[in-house]
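A short write-up of the structure that comes next.
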Amino acid sequence: MFKYMLQLIIGIFILAVSTIIAWYEGSTIIENSLEWKYSSPFTELFNIEITNGRDISQLDYFVYAAKFQPLFPAIMIISLLYILSVIGYYLIKQHSKWAIGFWGLTGCICILLSGRIFNSPTIGGRIFFWMTAISGIISMTVSVIVWLRNYKKKLTVNTNKI
């Protein structure tokens, strides 16, 4: 249990540091008025009219950073996926039925997110598309493998009873 907690603490620390740096990098959207229309989906979602840079939602800082300076947003995603992987591995060891749902849900979310950013014109968008698409496929594959392993155990137990 200690090794899982240590990995989670390290993953959360890396996630926090990369989040702060990405947020700082994305704050340059305030000065770039040409990108306000294209890089502020959260501000539009909240129906806020942008009259100056300070009207932009803090969440849009991450969108801007991901589009134009994708290193730390990519580290954010990788550390988040690492944290989810540690949790998923623990679930496989302890509660394999929960692991199927966990990995399946993680895979669905990643695939839906990759579909949302499909065909992005920026390098950051393409990086995030491939990261989320591959992670979604891997997560769904793990879910199927765990399900097949549980099904095989169930068949083995049922044939031994006969």
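Residues are named by chain letter and number: chains run A, B, ... in the order of the structure tokens, numbers start at 1 in each chain, and ligands are numbered from 1 in the order shown.
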
With 7 Å as the cut-off and only C-alpha atoms counted, what is the closest atom pair between each nearby residue of segment 50-151 of chain A and segment 16-38 of chain A? Distances in Å to one decimal, ordered by chain and number, as a Markdown table.
```
| residue | atom | partner | partner_atom | distance |
| --- | --- | --- | --- | --- |
| A:Gly53 | CA | A:Ile30 | CA | 4.2 |
| A:Arg54 | CA | A:Ile30 | CA | 6.6 |
| A:Tyr61 | CA | A:Gly26 | CA | 4.1 |
| A:Phe62 | CA | A:Gly26 | CA | 5.5 |
| A:Tyr64 | CA | A:Gly26 | CA | 5.2 |
| A:Ala65 | CA | A:Gly26 | CA | 4.2 |
| A:Phe72 | CA | A:Ser18 | CA | 5.3 |
| A:Pro73 | CA | A:Ala22 | CA | 5.7 |
| A:Ile75 | CA | A:Ser18 | CA | 6.3 |
| A:Met76 | CA | A:Ser18 | CA | 5.6 |
```

Kindly save the residues from that selection, with all heavy atoms included, as a PDB file, in the first residue's frame.
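So the final result, stored in selection_32.pdb, reads:
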```pdb
ATOM      1  N   GLY A  53      -8.585  41.734 -21.587  1.00  0.00           N
ATOM      2  CA  GLY A  53      -7.980  40.449 -21.269  1.00  0.00           C
ATOM      3  C   GLY A  53      -8.364  39.896 -19.911  1.00  0.00           C
ATOM      4  O   GLY A  53      -8.336  38.686 -19.701  1.00  0.00           O
ATOM      5  N   ARG A  54      -8.735  40.751 -18.997  1.00  0.00           N
ATOM      6  CA  ARG A  54      -9.078  40.287 -17.641  1.00  0.00           C
ATOM      7  C   ARG A  54     -10.435  39.596 -17.574  1.00  0.00           C
ATOM      8  O   ARG A  54     -10.760  38.970 -16.571  1.00  0.00           O
ATOM      9  CB  ARG A  54      -9.051  41.469 -16.654  1.00  0.00           C
ATOM     10  CG  ARG A  54      -7.704  42.138 -16.541  1.00  0.00           C
ATOM     11  CD  ARG A  54      -6.738  41.258 -15.829  1.00  0.00           C
ATOM     12  NE  ARG A  54      -5.399  41.844 -15.864  1.00  0.00           N
ATOM     13  CZ  ARG A  54      -4.319  41.167 -15.624  1.00  0.00           C
ATOM     14  NH1 ARG A  54      -4.393  39.906 -15.325  1.00  0.00           N
ATOM     15  NH2 ARG A  54      -3.144  41.746 -15.671  1.00  0.00           N
ATOM     16  N   TYR A  61      -6.806  29.857 -19.888  1.00  0.00           N
ATOM     17  CA  TYR A  61      -5.337  29.935 -19.864  1.00  0.00           C
ATOM     18  C   TYR A  61      -4.735  28.585 -20.232  1.00  0.00           C
ATOM     19  O   TYR A  61      -3.735  28.515 -20.940  1.00  0.00           O
ATOM     20  CB  TYR A  61      -4.831  30.348 -18.483  1.00  0.00           C
ATOM     21  CG  TYR A  61      -5.136  31.766 -18.056  1.00  0.00           C
ATOM     22  CD1 TYR A  61      -5.918  32.627 -18.809  1.00  0.00           C
ATOM     23  CD2 TYR A  61      -4.628  32.247 -16.863  1.00  0.00           C
ATOM     24  CE1 TYR A  61      -6.183  33.916 -18.395  1.00  0.00           C
ATOM     25  CE2 TYR A  61      -4.886  33.544 -16.443  1.00  0.00           C
ATOM     26  CZ  TYR A  61      -5.662  34.365 -17.205  1.00  0.00           C
ATOM     27  OH  TYR A  61      -5.914  35.645 -16.790  1.00  0.00           O
ATOM     28  N   PHE A  62      -5.358  27.507 -19.744  1.00  0.00           N
ATOM     29  CA  PHE A  62      -4.849  26.170 -20.039  1.00  0.00           C
ATOM     30  C   PHE A  62      -5.065  25.811 -21.515  1.00  0.00           C
ATOM     31  O   PHE A  62      -4.228  25.146 -22.115  1.00  0.00           O
ATOM     32  CB  PHE A  62      -5.504  25.132 -19.132  1.00  0.00           C
ATOM     33  CG  PHE A  62      -5.176  25.326 -17.684  1.00  0.00           C
ATOM     34  CD1 PHE A  62      -6.124  25.795 -16.801  1.00  0.00           C
ATOM     35  CD2 PHE A  62      -3.904  25.059 -17.204  1.00  0.00           C
ATOM     36  CE1 PHE A  62      -5.823  25.977 -15.461  1.00  0.00           C
ATOM     37  CE2 PHE A  62      -3.585  25.244 -15.874  1.00  0.00           C
ATOM     38  CZ  PHE A  62      -4.552  25.710 -15.008  1.00  0.00           C
ATOM     39  N   TYR A  64      -5.119  27.952 -24.015  1.00  0.00           N
ATOM     40  CA  TYR A  64      -4.120  28.716 -24.767  1.00  0.00           C
ATOM     41  C   TYR A  64      -2.733  28.093 -24.617  1.00  0.00           C
ATOM     42  O   TYR A  64      -1.996  27.960 -25.593  1.00  0.00           O
ATOM     43  CB  TYR A  64      -4.119  30.168 -24.276  1.00  0.00           C
ATOM     44  CG  TYR A  64      -3.197  31.074 -25.049  1.00  0.00           C
ATOM     45  CD1 TYR A  64      -3.571  31.566 -26.288  1.00  0.00           C
ATOM     46  CD2 TYR A  64      -1.956  31.433 -24.541  1.00  0.00           C
ATOM     47  CE1 TYR A  64      -2.727  32.403 -27.005  1.00  0.00           C
ATOM     48  CE2 TYR A  64      -1.106  32.257 -25.251  1.00  0.00           C
ATOM     49  CZ  TYR A  64      -1.505  32.746 -26.483  1.00  0.00           C
ATOM     50  OH  TYR A  64      -0.670  33.559 -27.197  1.00  0.00           O
ATOM     51  N   ALA A  65      -2.389  27.695 -23.396  1.00  0.00           N
ATOM     52  CA  ALA A  65      -1.084  27.064 -23.170  1.00  0.00           C
ATOM     53  C   ALA A  65      -0.991  25.747 -23.926  1.00  0.00           C
ATOM     54  O   ALA A  65       0.051  25.429 -24.513  1.00  0.00           O
ATOM     55  CB  ALA A  65      -0.847  26.842 -21.685  1.00  0.00           C
ATOM     56  N   PHE A  72       4.110  21.848 -20.743  1.00  0.00           N
ATOM     57  CA  PHE A  72       3.598  21.640 -19.383  1.00  0.00           C
ATOM     58  C   PHE A  72       2.144  21.156 -19.355  1.00  0.00           C
ATOM     59  O   PHE A  72       1.804  20.345 -18.492  1.00  0.00           O
ATOM     60  CB  PHE A  72       3.821  22.890 -18.531  1.00  0.00           C
ATOM     61  CG  PHE A  72       5.262  23.059 -18.170  1.00  0.00           C
ATOM     62  CD1 PHE A  72       6.058  23.992 -18.822  1.00  0.00           C
ATOM     63  CD2 PHE A  72       5.852  22.253 -17.215  1.00  0.00           C
ATOM     64  CE1 PHE A  72       7.392  24.119 -18.509  1.00  0.00           C
ATOM     65  CE2 PHE A  72       7.187  22.375 -16.898  1.00  0.00           C
ATOM     66  CZ  PHE A  72       7.958  23.309 -17.546  1.00  0.00           C
ATOM     67  N   PRO A  73       1.284  21.589 -20.286  1.00  0.00           N
ATOM     68  CA  PRO A  73      -0.032  20.928 -20.333  1.00  0.00           C
ATOM     69  C   PRO A  73       0.081  19.434 -20.661  1.00  0.00           C
ATOM     70  O   PRO A  73      -0.692  18.628 -20.135  1.00  0.00           O
ATOM     71  CB  PRO A  73      -0.773  21.695 -21.431  1.00  0.00           C
ATOM     72  CG  PRO A  73      -0.172  23.049 -21.400  1.00  0.00           C
ATOM     73  CD  PRO A  73       1.284  22.817 -21.101  1.00  0.00           C
ATOM     74  N   ILE A  75       2.622  17.529 -19.779  1.00  0.00           N
ATOM     75  CA  ILE A  75       3.070  16.923 -18.520  1.00  0.00           C
ATOM     76  C   ILE A  75       1.897  16.786 -17.556  1.00  0.00           C
ATOM     77  O   ILE A  75       1.795  15.792 -16.824  1.00  0.00           O
ATOM     78  CB  ILE A  75       4.233  17.734 -17.900  1.00  0.00           C
ATOM     79  CG1 ILE A  75       5.474  17.627 -18.795  1.00  0.00           C
ATOM     80  CG2 ILE A  75       4.554  17.251 -16.486  1.00  0.00           C
ATOM     81  CD1 ILE A  75       6.614  18.532 -18.389  1.00  0.00           C
ATOM     82  N   MET A  76       0.995  17.766 -17.567  1.00  0.00           N
ATOM     83  CA  MET A  76      -0.215  17.674 -16.738  1.00  0.00           C
ATOM     84  C   MET A  76      -1.024  16.425 -17.104  1.00  0.00           C
ATOM     85  O   MET A  76      -1.433  15.665 -16.217  1.00  0.00           O
ATOM     86  CB  MET A  76      -1.109  18.906 -16.936  1.00  0.00           C
ATOM     87  CG  MET A  76      -0.686  20.149 -16.245  1.00  0.00           C
ATOM     88  SD  MET A  76      -1.728  21.562 -16.698  1.00  0.00           S
ATOM     89  CE  MET A  76      -3.347  20.997 -16.263  1.00  0.00           C
TER      90      MET A  76
END
```

Excluding same-chain residues fewer than 2 positions from segment 130-145 of chain A, what lies within 12 Å of it counting only C-alpha atoms, as a PyMOL selection string? chain A and resi 70+73-78+80-82+84-85+88-89+91-92+96-120+123-128+147-152

Tyr90 of chain A environment, 9 Å, only C-alpha atoms, sequence neighbours closer than 3 positions dropped, as a ChimeraX atom specification: /A:1,4,85-87,93-95,99

Please indicate the distance in Å from atom CA of Ser57 of chain A to atom CA of Phe42 of chain A, rounded to one decimal place. 6.4 Å

The distance between atom CA of Gln69 of chain A and atom CA of Leu45 of chain A is 23.0 Å

Would you compute the distance between atom CA of Pro121 of chain A and atom CA of Ile14 of chain A? Give it in Å to one decimal.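 Between atom CA of Pro121 of chain A and atom CA of Ile14 of chain A the gap is 28.3 Å.
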
Write out as a ChimeraX atom specification all residues of chain A that backbone DSSP assigns to helix (DSSP H, G or I). /A:2-30,33-35,41-45,53-55,58-68,71-94,96-116,123-161
